[in-house]
Amino acid sequence: MGEENQTSVAEFIFLGLSQDLQTQILLFVHFLIIYLLTVLGNLLIIILIFMDSRLHTPMYFFLRNLSFTDLCFSTSIVPQVLVHFLVKRKTISFLGCMAQIVVSLLAGCTECALLAVMSYDWYVAVCKPLHYSSIMTQQVCLQLAIRSWASGALVSLMDTTFTFQLPYQGQNTINHYFCELPALLKVASADTYSTEMAIFAMSVDILLAPVCLILVSYWNIISTVIPMQSGEGRLKVFSTCGSHLIVVVFFFVVTPMLNPIIYSLRNKDVKGAFRNLAGRKPFSERW
């Protein structure tokens with residue numbers, strides 16, 4: 001028994017999906033629909049922005065990156081969950097668990113940074129409209145996107161390193177439905193306090209900095225918009241910024257499937273690009 005406990009874990013068993021067959025089938029259908037909508041919605045946004053030259057602006061450049069992170073995050077988790085709904089033994093290999101954590105952290109942290117960048121883009125557009133084109137150049141946008149991905153990669157690499165340098169021996173049952181750091185640390189065969197503190201510090205940094213930037217950006221936007229004499233102008237700004245704020249709020253609680261839906265339903269440019277792609281708009285109106 002002592003030798004068995006010293007053997008390194010080769011796979012993890014998930015307990016979070018242990019339900020009766022009928023419940024698992026219902027959950028499978030539910031998750032499958034959400035995942036398909038997530039993939040199709042985000043792919044549609046990426047294709048529309050790529051094909052329609054009117055959408056080749058900083059805001060839509062960042063939105064395309066946001067949609068790609070949504071795809072990465074969902075695909076790193078949901079397909080494996082769907083498979084586990086259909087099988088009795090719900091396992092994932094040690095390397096598979098590591099890969100899932102790396103990708104989900106990379107996508108999640110990058111998305112958080114991108115939301116902050118998008119709020120800064122709106123701040124410049126609303127508060128410094130005359131200087132917008134000189135500030136938000138193609139090179140600046142590319143640098144902001146690269147830094148967003150780099151910050152996500154850094155947090156993902158460090159948190160994964162902290163977690164998987166711990167020994168995992170004997171205990172391999174995770175009371176969850178996918179590999180997530182808190183659930184994984186509970187089955188480590190060593191004291192995890194220092195690792196938890198390091199991960200907590202990284203989490204605070206990657207969340208607090210973007211949240212502060214978003215709050216500062218929107219405080220300045222509101223301060224600029226309220227004195228506007230044009231009610232139509234205020235409505236236009238608040239409508240567009242509202243889409244971003246809704247995505248920011250839902251980022252913490254709701255599936256990323258809603259991101260393309262929010263931007264599509266509340267943005268006439270995206271809806272116009274979709275009509276062009278679908279061939280519903282008369283040819284004469286495209287010029």
# chains A, B, ... in the order shown; residues from 1 in each chain; ligands from 1

call {"tool": "select_by_dssp", "arguments": {"residues": "segment 147-246 of chain A", "states": "helix (DSSP H, G or I)", "output": "ChimeraX atom specification"}}
result
/A:147-164,181-185,193-225,231-246

call {"tool": "closest_atom_pairs", "arguments": {"of": "segment 166-188 of chain A", "to": "segment 91-108 of chain A", "cutoff": "12 Å", "atoms": "only C-alpha atoms", "output": "CSV"}}
result
residue,atom,partner,partner_atom,distance
A:Pro167,CA,A:Phe94,CA,11.8
A:Tyr168,CA,A:Phe94,CA,9.6
A:Gln169,CA,A:Phe94,CA,11.5
A:Asn172,CA,A:Thr91,CA,9.7
A:Thr173,CA,A:Thr91,CA,9.0
A:Ile174,CA,A:Thr91,CA,9.6
A:Asn175,CA,A:Thr91,CA,11.9
A:His176,CA,A:Thr91,CA,11.3
A:Tyr177,CA,A:Thr91,CA,9.7
A:Phe178,CA,A:Cys97,CA,8.1
A:Cys179,CA,A:Cys97,CA,5.6
A:Glu180,CA,A:Ile101,CA,6.4
A:Leu181,CA,A:Ile101,CA,7.5
A:Pro182,CA,A:Ile101,CA,11.2
A:Ala183,CA,A:Ile101,CA,11.5
A:Leu184,CA,A:Cys97,CA,9.3

call {"tool": "atom_distance", "arguments": {"atom1": "atom CA of Ile199 of chain A", "atom2": "atom CA of Leu154 of chain A"}}
result
12.1 Å

call {"tool": "closest_residue", "arguments": {"among": "A:Thr195, A:Ile222, A:Ile135, A:Leu82", "to": "Gln165 of chain A", "atoms": "only C-alpha atoms"}}
result
A:Thr195

call {"tool": "select_by_dssp", "arguments": {"residues": "segment 10-250 of chain A", "states": "strand (DSSP E)", "output": "VMD selection string"}}
result
chain A and resid 11 to 14 91 to 93 173 to 174

call {"tool": "residues_around", "arguments": {"residues": "Ala116 of chain A", "least_positions_apart": "3", "cutoff": "8 Å", "atoms": "only C-alpha atoms", "output": "PyMOL selection string"}}
result
chain A and resi 112-113+119-120+210-211+213-214

call {"tool": "write_last_selection", "arguments": {"atoms": "all heavy atoms", "output": "mmCIF file, in the first residue's frame"}}
result
data_model
loop_
_atom_site.group_PDB
_atom_site.id
_atom_site.type_symbol
_atom_site.label_atom_id
_atom_site.label_comp_id
_atom_site.auth_asym_id
_atom_site.auth_seq_id
_atom_site.Cartn_x
_atom_site.Cartn_y
_atom_site.Cartn_z
ATOM 1 N N CYS A 112 -9.414 38.780 -20.392
ATOM 2 C CA CYS A 112 -9.519 39.822 -19.376
ATOM 3 C C CYS A 112 -8.724 41.058 -19.795
ATOM 4 O O CYS A 112 -9.201 42.189 -19.679
ATOM 5 C CB CYS A 112 -8.994 39.274 -18.050
ATOM 6 S SG CYS A 112 -9.366 40.289 -16.619
ATOM 7 N N ALA A 113 -7.507 40.836 -20.306
ATOM 8 C CA ALA A 113 -6.670 41.950 -20.756
ATOM 9 C C ALA A 113 -7.275 42.646 -21.974
ATOM 10 O O ALA A 113 -7.244 43.876 -22.085
ATOM 11 C CB ALA A 113 -5.266 41.452 -21.079
ATOM 12 N N SER A 119 -11.764 48.870 -23.595
ATOM 13 C CA SER A 119 -12.277 50.041 -22.869
ATOM 14 C C SER A 119 -11.379 51.249 -23.110
ATOM 15 O O SER A 119 -11.867 52.381 -23.219
ATOM 16 C CB SER A 119 -12.370 49.732 -21.369
ATOM 17 O OG SER A 119 -11.087 49.650 -20.781
ATOM 18 N N TYR A 120 -10.077 51.016 -23.218
ATOM 19 C CA TYR A 120 -9.156 52.112 -23.515
ATOM 20 C C TYR A 120 -9.403 52.648 -24.926
ATOM 21 O O TYR A 120 -9.369 53.867 -25.160
ATOM 22 C CB TYR A 120 -7.705 51.639 -23.388
ATOM 23 C CG TYR A 120 -6.688 52.661 -23.852
ATOM 24 C CD1 TYR A 120 -6.414 53.793 -23.086
ATOM 25 C CD2 TYR A 120 -6.021 52.502 -25.070
ATOM 26 C CE1 TYR A 120 -5.496 54.740 -23.516
ATOM 27 C CE2 TYR A 120 -5.105 53.441 -25.505
ATOM 28 C CZ TYR A 120 -4.849 54.555 -24.726
ATOM 29 O OH TYR A 120 -3.941 55.492 -25.159
ATOM 30 N N PRO A 210 -6.767 45.132 -15.132
ATOM 31 C CA PRO A 210 -7.778 45.420 -16.162
ATOM 32 C C PRO A 210 -9.044 46.069 -15.608
ATOM 33 O O PRO A 210 -9.601 46.978 -16.234
ATOM 34 C CB PRO A 210 -8.083 44.032 -16.751
ATOM 35 C CG PRO A 210 -6.872 43.228 -16.471
ATOM 36 C CD PRO A 210 -6.380 43.713 -15.148
ATOM 37 N N VAL A 211 -9.504 45.611 -14.446
ATOM 38 C CA VAL A 211 -10.714 46.186 -13.863
ATOM 39 C C VAL A 211 -10.514 47.666 -13.554
ATOM 40 O O VAL A 211 -11.390 48.507 -13.826
ATOM 41 C CB VAL A 211 -11.131 45.417 -12.591
ATOM 42 C CG1 VAL A 211 -12.194 46.186 -11.811
ATOM 43 C CG2 VAL A 211 -11.661 44.031 -12.956
ATOM 44 N N LEU A 213 -8.413 49.704 -15.055
ATOM 45 C CA LEU A 213 -8.348 50.424 -16.325
ATOM 46 C C LEU A 213 -9.738 50.616 -16.913
ATOM 47 O O LEU A 213 -10.066 51.695 -17.432
ATOM 48 C CB LEU A 213 -7.457 49.674 -17.314
ATOM 49 C CG LEU A 213 -7.287 50.316 -18.697
ATOM 50 C CD1 LEU A 213 -6.730 51.732 -18.577
ATOM 51 C CD2 LEU A 213 -6.374 49.472 -19.583
ATOM 52 N N ILE A 214 -10.582 49.591 -16.808
ATOM 53 C CA ILE A 214 -11.956 49.683 -17.318
ATOM 54 C C ILE A 214 -12.732 50.749 -16.551
ATOM 55 O O ILE A 214 -13.435 51.580 -17.146
ATOM 56 C CB ILE A 214 -12.662 48.312 -17.210
ATOM 57 C CG1 ILE A 214 -12.055 47.326 -18.218
ATOM 58 C CG2 ILE A 214 -14.165 48.454 -17.458
ATOM 59 C CD1 ILE A 214 -12.526 45.900 -18.034
#

call {"tool": "closest_residue", "arguments": {"among": "A:Thr38, A:Thr23, A:Ser8, A:Ser53", "to": "Leu71 of chain A", "atoms": "only C-alpha atoms"}}
result
A:Thr38

call {"tool": "atom_distance", "arguments": {"atom1": "atom CA of Phe14 of chain A", "atom2": "atom CA of Val78 of chain A"}}
result
14.0 Å

call {"tool": "residues_around", "arguments": {"residues": "Pro79 of chain A", "least_positions_apart": "2", "cutoff": "12 Å", "atoms": "only C-alpha atoms", "output": "VMD selection string"}}
result
chain A and resid 28 31 to 36 39 71 to 77 81 to 86 100 177 to 178

call {"tool": "write_last_selection", "arguments": {"atoms": "N, CA and C atoms", "output": "CSV table (one decimal), in the first residue's frame"}}
result
chain,number,residue,atom,x,y,z
A,28,PHE,N,-25.8,16.7,-21.5
A,28,PHE,CA,-25.0,16.6,-22.8
A,28,PHE,C,-25.6,17.4,-23.9
A,31,PHE,N,-25.1,21.2,-23.0
A,31,PHE,CA,-23.8,21.7,-23.2
A,31,PHE,C,-23.4,21.7,-24.7
A,32,LEU,N,-23.9,20.7,-25.4
A,32,LEU,CA,-23.6,20.6,-26.8
A,32,LEU,C,-24.2,21.8,-27.6
A,33,ILE,N,-25.5,22.2,-27.2
A,33,ILE,CA,-26.1,23.4,-27.9
A,33,ILE,C,-25.3,24.6,-27.6
A,34,ILE,N,-24.9,24.8,-26.3
A,34,ILE,CA,-24.2,26.0,-25.9
A,34,ILE,C,-22.8,26.0,-26.6
A,35,TYR,N,-22.2,24.9,-26.7
A,35,TYR,CA,-20.9,24.9,-27.4
A,35,TYR,C,-21.0,25.2,-28.8
A,36,LEU,N,-22.0,24.6,-29.5
A,36,LEU,CA,-22.1,24.8,-30.9
A,36,LEU,C,-22.4,26.3,-31.2
A,39,VAL,N,-19.2,28.3,-30.7
A,39,VAL,CA,-18.2,28.1,-31.9
A,39,VAL,C,-18.8,28.9,-33.1
A,71,LEU,N,-13.2,31.1,-28.3
A,71,LEU,CA,-13.1,29.8,-29.0
A,71,LEU,C,-12.1,28.9,-28.3
A,72,CYS,N,-11.0,29.4,-28.0
A,72,CYS,CA,-9.9,28.7,-27.3
A,72,CYS,C,-10.4,28.2,-25.9
A,73,PHE,N,-11.0,29.1,-25.2
A,73,PHE,CA,-11.4,28.8,-23.8
A,73,PHE,C,-12.5,27.7,-23.8
A,74,SER,N,-13.5,27.8,-24.7
A,74,SER,CA,-14.6,26.9,-24.7
A,74,SER,C,-14.1,25.5,-25.2
A,75,THR,N,-13.2,25.5,-26.2
A,75,THR,CA,-12.8,24.3,-26.8
A,75,THR,C,-11.8,23.5,-25.9
A,76,SER,N,-11.2,24.2,-25.0
A,76,SER,CA,-10.2,23.6,-24.1
A,76,SER,C,-11.0,22.8,-23.0
A,77,ILE,N,-12.3,23.1,-22.8
A,77,ILE,CA,-13.0,22.4,-21.7
A,77,ILE,C,-14.2,21.6,-22.2
A,81,VAL,N,-15.8,17.6,-21.6
A,81,VAL,CA,-17.0,17.4,-20.8
A,81,VAL,C,-18.0,16.6,-21.5
A,82,LEU,N,-18.2,16.9,-22.8
A,82,LEU,CA,-19.2,16.2,-23.6
A,82,LEU,C,-18.9,14.7,-23.7
A,83,VAL,N,-17.7,14.4,-23.9
A,83,VAL,CA,-17.3,13.0,-24.0
A,83,VAL,C,-17.6,12.3,-22.7
A,84,HIS,N,-17.3,13.0,-21.6
A,84,HIS,CA,-17.5,12.4,-20.2
A,84,HIS,C,-19.0,12.1,-19.9
A,85,PHE,N,-19.9,12.9,-20.6
A,85,PHE,CA,-21.3,12.6,-20.4
A,85,PHE,C,-21.7,11.3,-21.0
A,86,LEU,N,-20.9,10.8,-21.9
A,86,LEU,CA,-21.3,9.6,-22.7
A,86,LEU,C,-20.5,8.3,-22.2
A,100,GLN,N,-5.0,21.3,-20.6
A,100,GLN,CA,-6.3,22.0,-20.4
A,100,GLN,C,-6.1,23.2,-19.5
A,177,TYR,N,-15.5,18.9,-12.8
A,177,TYR,CA,-15.8,18.3,-14.1
A,177,TYR,C,-14.8,18.6,-15.2
A,178,PHE,N,-13.8,19.4,-14.8
A,178,PHE,CA,-12.6,19.6,-15.6
A,178,PHE,C,-11.4,20.1,-14.8

call {"tool": "residues_around", "arguments": {"residues": "segment 58-63 of chain A", "least_positions_apart": "6", "cutoff": "7 Å", "atoms": "only C-alpha atoms", "output": "ChimeraX atom specification"}}
result
/A:49,114,118,121,136,141

call {"tool": "atom_distance", "arguments": {"atom1": "atom CA of Phe68 of chain A", "atom2": "atom CA of Phe200 of chain A"}}
result
26.1 Å

call {"tool": "closest_residue", "arguments": {"among": "A:Ala190, A:Met158, A:Ile206, A:Ile46", "to": "Gln171 of chain A", "atoms": "only C-alpha atoms"}}
result
A:Ala190

call {"tool": "closest_residue", "arguments": {"among": "A:Leu55, A:Glu11, A:Leu37, A:Lys128", "to": "Val225 of chain A", "atoms": "only C-alpha atoms"}}
result
A:Lys128
